[in-house]
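This is model.txt (compact mmCIF, C-alpha atoms).
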```
# COMPACT_ATOMS: atom_id res chain seq x y z
CA MET G 1 134.43 116.52 58.78
CA ALA G 2 136.13 118.45 61.58
CA ILE G 3 139.80 117.76 62.23
CA GLU G 4 140.52 117.11 65.86
CA PRO G 5 143.41 119.14 67.29
CA ARG G 6 146.62 117.23 67.94
CA LYS G 7 147.03 116.35 71.60
CA PRO G 8 150.24 117.63 73.17
CA PRO G 9 152.56 114.95 74.57
CA SER G 10 152.13 114.16 78.22
CA GLN G 11 154.50 115.56 80.80
CA PHE G 12 155.68 112.05 81.57
CA LEU G 13 156.84 111.49 77.97
CA ILE G 14 158.52 114.89 77.89
CA ARG G 15 160.45 114.19 81.10
CA LEU G 16 161.37 110.69 79.89
CA GLN G 17 162.57 112.07 76.57
CA ARG G 18 164.71 114.74 78.25
CA GLY G 19 166.02 112.29 80.85
CA LEU G 20 167.16 109.75 78.28
CA GLY G 21 168.25 111.94 75.42
CA GLY G 22 168.86 115.33 76.98
CA ARG G 23 168.22 118.31 74.78
CA ALA G 24 168.66 116.12 71.68
CA GLY G 25 165.53 114.14 72.57
CA TRP G 26 165.01 110.60 71.29
CA GLY G 27 167.76 111.08 68.71
CA GLY G 28 170.24 111.70 71.50
CA PHE G 29 169.03 108.57 73.27
CA VAL G 30 169.65 106.48 70.15
CA LEU G 31 173.16 107.93 69.84
CA GLN G 32 173.87 107.03 73.47
CA ILE G 33 172.74 103.45 72.86
CA LEU G 34 174.98 103.19 69.80
CA PHE G 35 177.93 104.63 71.77
CA VAL G 36 177.46 102.16 74.65
CA ALA G 37 177.20 99.28 72.16
CA ALA G 38 180.40 100.36 70.39
CA LEU G 39 182.19 100.70 73.73
CA ALA G 40 181.04 97.22 74.81
CA TRP G 41 182.21 95.74 71.50
CA ILE G 42 185.66 97.39 71.79
CA SER G 43 186.00 96.15 75.39
CA TYR G 44 185.07 92.61 74.33
CA GLU G 45 187.64 92.65 71.54
CA ILE G 46 190.36 93.88 73.93
CA VAL G 47 189.58 91.17 76.50
CA ALA G 48 189.39 88.44 73.82
CA ASN G 49 192.66 89.56 72.26
CA ALA G 50 194.41 89.66 75.65
CA ARG G 51 193.08 86.19 76.53
CA ALA G 52 194.28 84.78 73.20
CA ASN G 53 197.74 86.28 73.67
CA LEU G 54 198.02 84.87 77.20
CA GLN G 55 197.02 81.41 75.98
CA ALA G 56 199.54 81.60 73.12
CA GLN G 57 202.31 82.45 75.59
CA ARG G 58 201.04 79.84 78.10
CA ILE G 59 200.59 82.44 80.83
CA THR G 60 197.92 81.79 83.43
CA ALA G 61 195.85 84.84 84.30
CA GLY G 62 195.23 85.71 87.93
CA PHE G 63 197.02 87.03 91.00
CA GLY G 64 198.50 83.77 92.23
CA PHE G 65 201.98 84.93 91.17
CA LEU G 66 202.00 87.36 94.12
CA ALA G 67 202.68 84.40 96.45
CA ASN G 68 205.75 83.26 94.47
CA THR G 69 209.32 83.95 95.59
CA ALA G 70 210.77 87.12 94.08
CA GLY G 71 214.41 86.03 94.03
CA PHE G 72 215.97 89.49 93.72
CA ASP G 73 217.19 92.12 96.16
CA VAL G 74 216.11 95.75 96.52
CA SER G 75 218.67 98.45 97.29
CA GLN G 76 216.37 100.37 99.66
CA ASN G 77 213.58 98.95 101.80
CA LEU G 78 211.70 100.54 104.68
CA ILE G 79 210.40 97.16 105.84
CA PRO G 80 212.43 93.96 106.26
CA TYR G 81 212.95 92.32 102.88
CA SER G 82 215.17 89.67 101.30
CA GLY G 83 215.29 87.89 97.96
CA SER G 84 213.41 84.94 99.45
CA ASP G 85 210.28 87.05 100.07
CA THR G 86 207.25 87.05 97.79
CA TYR G 87 206.20 89.44 95.06
CA THR G 88 203.60 90.80 97.47
CA ARG G 89 206.45 91.95 99.68
CA VAL G 90 208.15 93.50 96.65
CA PHE G 91 204.96 95.43 95.93
CA PHE G 92 204.85 96.93 99.43
CA VAL G 93 208.58 97.74 99.37
CA GLY G 94 208.17 99.64 96.10
CA LEU G 95 204.99 101.35 97.28
CA LEU G 96 206.61 102.58 100.51
CA ASN G 97 209.63 103.87 98.59
CA THR G 98 207.31 105.77 96.23
CA LEU G 99 205.30 107.24 99.12
CA MET G 100 208.45 108.26 100.98
CA VAL G 101 210.02 110.13 98.08
CA SER G 102 206.64 111.71 97.24
CA VAL G 103 205.95 112.96 100.77
CA ILE G 104 209.47 114.31 101.26
CA GLY G 105 209.43 115.86 97.79
CA ILE G 106 206.07 117.54 98.43
CA PHE G 107 207.34 118.99 101.72
CA PHE G 108 210.53 120.49 100.27
CA ALA G 109 208.83 121.58 97.02
CA THR G 110 206.21 123.50 99.02
CA LEU G 111 208.83 125.09 101.26
CA ILE G 112 211.11 126.09 98.38
CA GLY G 113 208.17 127.23 96.25
CA PHE G 114 206.82 129.58 98.93
CA LEU G 115 210.28 131.02 99.61
CA VAL G 116 210.97 131.60 95.92
CA ALA G 117 207.55 133.21 95.42
CA LEU G 118 208.17 135.59 98.31
CA GLY G 119 211.61 136.27 96.86
CA ARG G 120 210.12 137.23 93.50
CA LEU G 121 207.76 139.64 95.25
CA SER G 122 210.48 141.06 97.48
CA PRO G 123 211.38 144.76 97.10
CA ASN G 124 215.02 143.64 97.10
CA TRP G 125 216.03 143.84 93.41
CA LEU G 126 218.79 141.21 93.58
CA LEU G 127 216.68 138.66 95.47
CA SER G 128 213.77 139.18 93.08
CA LYS G 129 215.96 138.64 89.98
CA ILE G 130 217.65 135.54 91.44
CA SER G 131 214.25 134.02 92.28
CA GLY G 132 212.93 134.83 88.82
CA GLY G 133 216.00 133.32 87.18
CA TYR G 134 215.57 130.13 89.21
CA VAL G 135 211.96 129.76 88.08
CA GLU G 136 212.70 130.39 84.41
CA LEU G 137 215.70 128.05 84.39
CA VAL G 138 214.32 125.08 86.32
CA ARG G 139 210.81 124.88 84.93
CA ASN G 140 212.04 125.02 81.31
CA LEU G 141 214.40 122.05 81.61
CA PRO G 142 213.05 118.47 81.29
CA LEU G 143 212.61 116.71 84.62
CA LEU G 144 214.42 113.56 83.50
CA PHE G 145 217.40 115.70 82.49
CA GLN G 146 217.47 117.26 85.96
CA ILE G 147 217.29 113.84 87.63
CA LEU G 148 220.22 112.63 85.54
CA PHE G 149 222.12 115.86 86.27
CA TRP G 150 221.87 115.42 90.03
CA TYR G 151 222.68 111.72 89.81
CA LEU G 152 225.50 111.68 87.22
CA ALA G 153 227.02 115.16 87.37
CA VAL G 154 226.76 115.83 91.11
CA LEU G 155 226.48 112.66 93.20
CA SER G 156 228.46 110.26 90.99
CA ALA G 157 231.34 112.75 90.95
CA LEU G 158 231.80 112.41 94.71
CA PRO G 159 234.84 110.44 95.98
CA ASN G 160 234.72 106.75 96.85
CA PRO G 161 234.11 105.63 100.47
CA ARG G 162 237.82 105.55 101.38
CA GLN G 163 238.14 109.24 100.43
CA SER G 164 234.62 110.19 101.53
CA ILE G 165 233.73 113.62 102.87
CA GLY G 166 233.37 113.29 106.63
CA LEU G 167 231.65 115.50 109.16
CA LEU G 168 232.43 115.06 112.86
CA ASP G 169 233.55 111.50 112.02
CA ILE G 170 229.95 110.31 112.13
CA PHE G 171 228.54 111.54 108.79
CA PHE G 172 230.19 110.40 105.57
CA LEU G 173 229.29 111.44 102.01
CA SER G 174 230.57 109.47 99.03
CA ASN G 175 229.48 108.25 95.61
CA ARG G 176 227.69 105.39 97.39
CA GLY G 177 225.43 107.73 99.29
CA LEU G 178 225.24 109.42 102.68
CA VAL G 179 226.07 107.25 105.69
CA ILE G 180 224.62 108.46 108.99
CA PRO G 181 224.40 107.03 112.53
CA LYS G 182 221.61 104.50 112.95
CA PRO G 183 219.21 105.20 115.85
CA ILE G 184 218.36 102.25 118.11
CA GLY G 185 215.38 102.59 120.45
CA ASN G 186 215.84 102.33 124.22
CA PRO G 187 213.19 101.75 126.95
CA GLY G 188 212.76 105.52 127.31
CA PHE G 189 211.74 105.98 123.68
CA GLU G 190 207.96 105.75 124.19
CA PRO G 191 207.82 108.37 127.01
CA PHE G 192 210.06 110.62 124.92
CA VAL G 193 207.71 110.45 121.92
CA LEU G 194 204.71 111.04 124.19
CA ALA G 195 206.40 114.13 125.66
CA ILE G 196 207.02 115.50 122.15
CA LEU G 197 203.37 114.97 121.20
CA ILE G 198 202.16 116.72 124.35
CA ALA G 199 204.54 119.62 123.69
CA ILE G 200 203.33 119.96 120.09
CA ILE G 201 199.66 119.93 121.13
CA ALA G 202 200.30 122.51 123.86
CA ALA G 203 202.22 124.74 121.41
CA ILE G 204 199.35 124.56 118.90
CA VAL G 205 196.83 125.48 121.61
CA LEU G 206 198.97 128.49 122.61
CA TRP G 207 199.33 129.57 118.97
CA ARG G 208 195.58 129.37 118.36
CA HIS G 209 194.92 131.36 121.54
CA ALA G 210 197.36 134.07 120.46
CA ARG G 211 195.80 134.18 116.99
CA ARG G 212 192.30 134.51 118.48
CA GLN G 213 193.44 137.34 120.73
CA LEU G 214 195.01 139.13 117.76
CA PHE G 215 191.81 139.06 115.70
CA GLU G 216 189.42 139.77 118.57
CA SER G 217 191.26 142.48 120.48
CA GLY G 218 194.31 143.34 118.37
CA LYS G 219 196.59 142.21 121.18
CA VAL G 220 199.85 140.65 120.02
CA ILE G 221 201.07 137.80 122.21
CA LYS G 222 204.50 136.27 121.64
CA VAL G 223 204.03 132.56 122.13
CA TRP G 224 207.18 131.26 120.46
CA PRO G 225 209.30 131.39 123.68
CA TYR G 226 206.71 129.29 125.48
CA GLY G 227 206.31 126.90 122.55
CA LEU G 228 210.06 126.51 122.22
CA GLY G 229 210.35 125.91 125.94
CA LEU G 230 207.71 123.19 125.78
CA LEU G 231 209.29 121.51 122.75
CA ILE G 232 212.68 121.43 124.46
CA GLY G 233 211.75 121.14 128.13
CA LEU G 234 209.24 118.27 128.10
CA PRO G 235 211.36 115.85 126.00
CA LEU G 236 214.43 116.77 128.08
CA LEU G 237 212.52 116.08 131.29
CA SER G 238 211.40 112.74 129.89
CA ALA G 239 214.99 111.82 129.00
CA LEU G 240 216.17 112.72 132.53
CA ILE G 241 213.46 110.60 134.17
CA PHE G 242 213.32 107.55 131.88
CA GLY G 243 216.80 107.63 130.37
CA ALA G 244 218.07 108.30 126.86
CA PRO G 245 215.37 107.50 124.29
CA VAL G 246 217.78 106.25 121.63
CA SER G 247 221.38 105.21 121.17
CA PHE G 248 223.25 105.52 117.89
CA GLU G 249 225.25 103.00 115.92
CA VAL G 250 228.09 105.02 114.38
CA PRO G 251 229.30 103.90 110.92
CA VAL G 252 232.92 102.72 110.65
CA LEU G 253 235.00 102.33 107.49
CA LYS G 254 235.99 98.70 106.98
CA GLY G 255 237.79 97.83 103.79
CA PHE G 256 236.20 99.54 100.83
CA ASN G 257 232.87 100.39 102.47
CA PHE G 258 231.25 101.42 105.73
CA ALA G 259 229.91 99.02 108.33
CA GLY G 260 227.07 99.96 110.65
CA GLY G 261 224.91 103.04 110.51
CA SER G 262 222.25 103.77 107.92
CA ARG G 263 222.85 104.58 104.27
CA VAL G 264 220.83 106.99 102.19
CA ILE G 265 221.35 105.78 98.62
CA PRO G 266 222.35 108.39 96.00
CA GLU G 267 219.39 107.48 93.78
CA PHE G 268 217.00 108.63 96.50
CA VAL G 269 218.91 111.88 97.04
CA ALA G 270 219.05 112.67 93.32
CA LEU G 271 215.36 111.93 92.79
CA THR G 272 214.26 113.93 95.82
CA LEU G 273 216.37 116.94 94.85
CA ALA G 274 215.14 116.91 91.25
CA LEU G 275 211.46 116.47 92.12
CA SER G 276 211.60 119.14 94.84
CA THR G 277 213.41 121.82 92.87
CA TYR G 278 211.49 121.17 89.64
CA THR G 279 208.03 121.23 91.24
CA ALA G 280 209.00 124.18 93.44
CA ALA G 281 209.45 126.35 90.33
CA PHE G 282 205.80 125.78 89.37
CA ILE G 283 204.58 126.18 92.95
CA ALA G 284 206.43 129.50 93.18
CA GLU G 285 204.45 130.90 90.25
CA ILE G 286 201.19 129.58 91.71
CA VAL G 287 201.90 131.19 95.08
CA ARG G 288 202.99 134.45 93.45
CA ALA G 289 199.78 134.60 91.42
CA GLY G 290 197.72 133.86 94.55
CA ILE G 291 199.39 136.63 96.54
CA LEU G 292 198.96 139.12 93.69
CA SER G 293 195.24 138.23 93.53
CA VAL G 294 194.79 139.78 97.00
CA HIS G 295 194.14 143.50 96.77
CA LYS G 296 197.14 145.60 97.74
CA GLY G 297 194.91 147.48 100.15
CA GLN G 298 195.18 144.46 102.47
CA MET G 299 198.93 145.04 102.75
CA GLU G 300 198.40 148.73 103.38
CA ALA G 301 195.75 148.01 106.02
CA GLY G 302 198.07 145.61 107.81
CA SER G 303 200.92 148.09 107.72
CA SER G 304 198.65 150.80 109.13
CA LEU G 305 198.03 148.54 112.12
CA GLY G 306 201.74 148.46 112.82
CA LEU G 307 202.34 144.93 111.59
CA GLN G 308 205.60 144.10 109.86
CA ARG G 309 205.65 142.87 106.26
CA GLY G 310 206.18 139.25 107.28
CA SER G 311 203.29 139.35 109.74
CA VAL G 312 200.99 140.92 107.17
CA LEU G 313 201.81 138.21 104.65
CA ARG G 314 201.44 135.39 107.19
CA LEU G 315 198.29 136.59 108.93
CA ILE G 316 196.36 138.50 106.26
CA VAL G 317 197.52 138.02 102.69
CA ILE G 318 198.48 134.33 102.43
CA PRO G 319 195.30 132.99 104.16
CA GLN G 320 193.22 134.87 101.58
CA ALA G 321 195.52 133.86 98.72
CA LEU G 322 195.18 130.17 99.62
CA ARG G 323 191.73 130.11 98.03
CA VAL G 324 193.41 130.76 94.69
CA ILE G 325 196.53 128.73 95.45
CA LEU G 326 195.02 125.42 96.61
CA PRO G 327 193.48 124.02 93.37
CA PRO G 328 196.61 124.37 91.18
CA LEU G 329 198.80 123.45 94.15
CA THR G 330 196.94 120.14 94.42
CA ASN G 331 197.69 119.48 90.75
CA GLN G 332 201.39 120.00 91.39
CA TYR G 333 201.31 117.54 94.30
CA LEU G 334 199.68 114.97 92.02
CA ASN G 335 202.24 115.67 89.29
CA LEU G 336 205.14 115.20 91.71
CA THR G 337 203.78 111.85 92.87
CA LYS G 338 203.35 110.62 89.30
CA ASN G 339 206.69 112.07 88.17
CA SER G 340 208.42 109.95 90.80
CA SER G 341 207.99 107.06 88.36
CA LEU G 342 210.90 108.58 86.38
CA ALA G 343 213.05 107.01 89.11
CA VAL G 344 213.41 104.04 86.77
CA GLY G 345 215.89 106.18 84.81
CA ILE G 346 218.45 106.08 87.64
CA GLY G 347 217.50 102.77 89.25
CA TYR G 348 215.70 104.00 92.36
CA PRO G 349 213.54 101.09 93.59
CA ASP G 350 210.11 102.70 93.45
CA LEU G 351 206.83 100.96 92.60
CA VAL G 352 207.29 101.24 88.84
CA SER G 353 210.88 100.03 88.94
CA VAL G 354 210.62 96.96 91.16
CA PHE G 355 207.00 95.95 90.57
CA ALA G 356 205.96 97.19 87.12
CA GLY G 357 209.52 96.61 85.93
CA THR G 358 211.45 93.71 87.45
CA THR G 359 208.42 91.75 88.67
CA LEU G 360 206.64 92.11 85.32
CA SER G 361 209.69 90.96 83.36
CA GLN G 362 210.09 87.89 85.58
CA THR G 363 206.45 86.80 85.73
CA GLY G 364 205.00 88.08 82.46
CA GLN G 365 201.74 88.98 84.26
CA ALA G 366 201.51 92.29 82.42
CA ILE G 367 197.75 92.84 82.70
CA GLU G 368 197.57 92.16 86.44
CA ILE G 369 200.70 94.16 87.32
CA ILE G 370 199.84 97.14 85.15
CA GLY G 371 196.29 97.07 86.53
CA ILE G 372 197.52 97.04 90.14
CA THR G 373 200.01 99.84 89.46
CA MET G 374 197.37 101.99 87.78
CA GLY G 375 194.98 101.41 90.68
CA VAL G 376 197.63 102.38 93.24
CA TYR G 377 198.50 105.65 91.53
CA LEU G 378 194.79 106.42 91.11
CA LEU G 379 194.19 105.76 94.82
CA ILE G 380 197.14 107.95 95.85
CA SER G 381 195.84 110.77 93.65
CA LEU G 382 192.30 110.48 95.02
CA VAL G 383 193.53 110.49 98.63
CA THR G 384 195.74 113.52 97.98
CA SER G 385 192.87 115.36 96.32
CA ALA G 386 190.54 114.49 99.22
CA ILE G 387 193.02 115.80 101.80
CA MET G 388 193.52 119.06 99.92
CA SER G 389 189.78 119.45 99.38
CA PHE G 390 189.15 118.96 103.09
CA TYR G 391 191.81 121.56 103.89
CA GLY G 392 190.21 123.96 101.42
CA TRP G 393 186.82 123.37 103.03
CA ARG G 394 188.23 124.10 106.48
CA LEU G 395 189.94 127.20 105.13
CA GLY G 396 186.72 128.42 103.55
CA ARG G 397 184.86 128.01 106.84
CA SER G 398 187.50 129.94 108.77
CA LEU G 399 187.69 132.82 106.26
CA GLY G 400 183.95 133.02 105.64
CA PRO G 401 182.21 134.03 102.40
```
Could you quickly redo this structure as structure tokens?
Amino acid sequence: MAIEPRKPPSQFLIRLQRGLGGRAGWGGFVLQILFVAALAWISYEIVANARANLQAQRITAGFGFLANTAGFDVSQNLIPYSGSDTYTRVFFVGLLNTLMVSVIGIFFATLIGFLVALGRLSPNWLLSKISGGYVELVRNLPLLFQILFWYLAVLSALPNPRQSIGLLDIFFLSNRGLVIPKPIGNPGFEPFVLAILIAIIAAIVLWRHARRQLFESGKVIKVWPYGLGLLIGLPLLSALIFGAPVSFEVPVLKGFNFAGGSRVIPEFVALTLALSTYTAAFIAEIVRAGILSVHKGQMEAGSSLGLQRGSVLRLIVIPQALRVILPPLTNQYLNLTKNSSLAVGIGYPDLVSVFAGTTLSQTGQAIEIIGITMGVYLLISLVTSAIMSFYGWRLGRSLGP
């Protein structure tokens, strides 16, 4: 009796097997099913355990607590807030404080990091060694230690308000923070802002035109006098026509503290300084590595065209180095934003301190509050990554392959 040859499996079964189990075949598919089942069982146990604990403590799950009165004050708020406001208001106050310190910290960290990186690459021996010492010192000390150093050793050692350090009798620095004049908008404020925006747009257009002329014909056009004239002239003309855009409320010492003006709390200053200087040390190494990744022939080519060292770096080297710099630079921006949660160590009212701290301890809604806080930080990180990715895409289009 002849044995019939075994039929090969159909292409459909082969594709199904690879699609479900990958290279491992049906065995891989079974393992995936077991993994999903184990994950579902663990999730069920976590939810059941959390529900049982909430029932034992007589805590009602849900987000209704956000409408309750908070009953506590916040030392810094960018929007109007009082103790009679709700926990929802507390959430937005903490979120805005976190965003403010993160944005300002990112700006100064980037500026300091680029300057230190250029200092390390400078032919000046002293400047290079000072920049290198800064990087090695700052990045090897814990961030929380640096925050406490700025807050306890520097700012808390300042004199009290009655013996505060004054500048022009309008700025006062003490252990309670920096008191500055408070701007109050006048009817001419809107035209003044519009004039500034028009001046900025015109300056950008001039700068792009000069850059295009440089790359197309090699012609160097100095646009900074025109840009500076626009940035000064248009707002000044607006102020002359529509009146002063703002007036200032000058702080005055009354008793043991200042009345009037605006106060920058020392916790904010300490946190911003620590985050900026600490992250700048890492950014400096990233920028230095990016610049060194560009072939030195680019510097020599720029010098042969008669460009100064600063112009070569700004126009030729750094735009090419940004391809290497951007990915790790994005990570440092994300780290700075998340590291701002260490503000709880000095009492700065950020999102973690006032919402995941005080609000959680008062309401006991741990699951909801921790979930909201995690979602906010995840959203901030995703938005930051999207912005940097878009900038990298634009940069890639302008530089070409």
**OP:** Using only C-alpha atoms, give me every residue within 6 Å of (228.6, 105.5, 115.7) in file coordinates, as a VMD selection string.
**Re:** chain G and resid 181 248 to 251
Original post:
Using only C-alpha atoms, which residue out of G:Gly392, G:Gly105, G:Gly71, G:Gly177 lies closest to G:Arg89?
Top reply: G:Gly71
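Pairwise distance (atom CA of G:Ile291, atom CA of G:Ile318) equals 6.4 Å.
Separating atom CA of G:Leu197 from atom CA of G:Leu228 is a distance of 13.4 Å.
Atom CA of G:Leu231 lies 25.8 Å from atom CA of G:Ile170.
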Extract, using only C-alpha atoms, all DNA, RNA and protein residues at most 8 Å from G:Val352, discarding same-chain residues fewer than 6 positions from it, and format them as a compact mmCIF listing (two decimals) with C-alpha atoms, in the coordinates of the input.
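Ended up saving to out-v5.txt:
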```txt
# COMPACT_ATOMS: atom_id res chain seq x y z
CA GLY G 94 208.17 99.64 96.10
CA SER G 341 207.99 107.06 88.36
CA VAL G 344 213.41 104.04 86.77
CA THR G 373 200.01 99.84 89.46
```
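Distances from G:Ser293, G:Thr277, G:Ser43, G:Asn68 to G:Ile106 were compared using all atoms listed in the file, and the smallest one belongs to G:Thr277.
For G:Leu115, the set of protein, DNA and RNA residues having any atom at most 12 Å away, when counting only C-alpha atoms and skipping those fewer than 2 positions along the same chain, is Phe108, Ala109, Thr110, Leu111, Ile112, Gly113, Ala117, Leu118, Gly119, Arg120, Leu121, Ser122, Leu127, Ser128, Ile130, Ser131, Gly132, Tyr134, Val135, Thr277, Ala280, Ala281, Ile283, Ala284, Glu285, Val287, Arg288 and Gly310 of chain G.
For the choices G:Gly255, G:Gly347, G:Gly188, G:Gly233, the atom-to-atom distance to G:Glu267 is smallest for G:Gly347 when using all atoms listed in the file.
Considering the residues G:Val246, G:Val103, G:Val116, G:Val269 and counting only C-alpha atoms, G:Pro183 has its shortest atom-to-atom contact with G:Val246.
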Determine the axis-aligned bounding box of all atoms of stretch 248-254 of chain G present in the file, pad each side by 4 Å, and express its centre and edge lengths in Å to one decimal place as JSON.
```
{"center_x": 229.6, "center_y": 102.1, "center_z": 112.4, "size_x": 20.7, "size_y": 14.8, "size_z": 18.9}
```
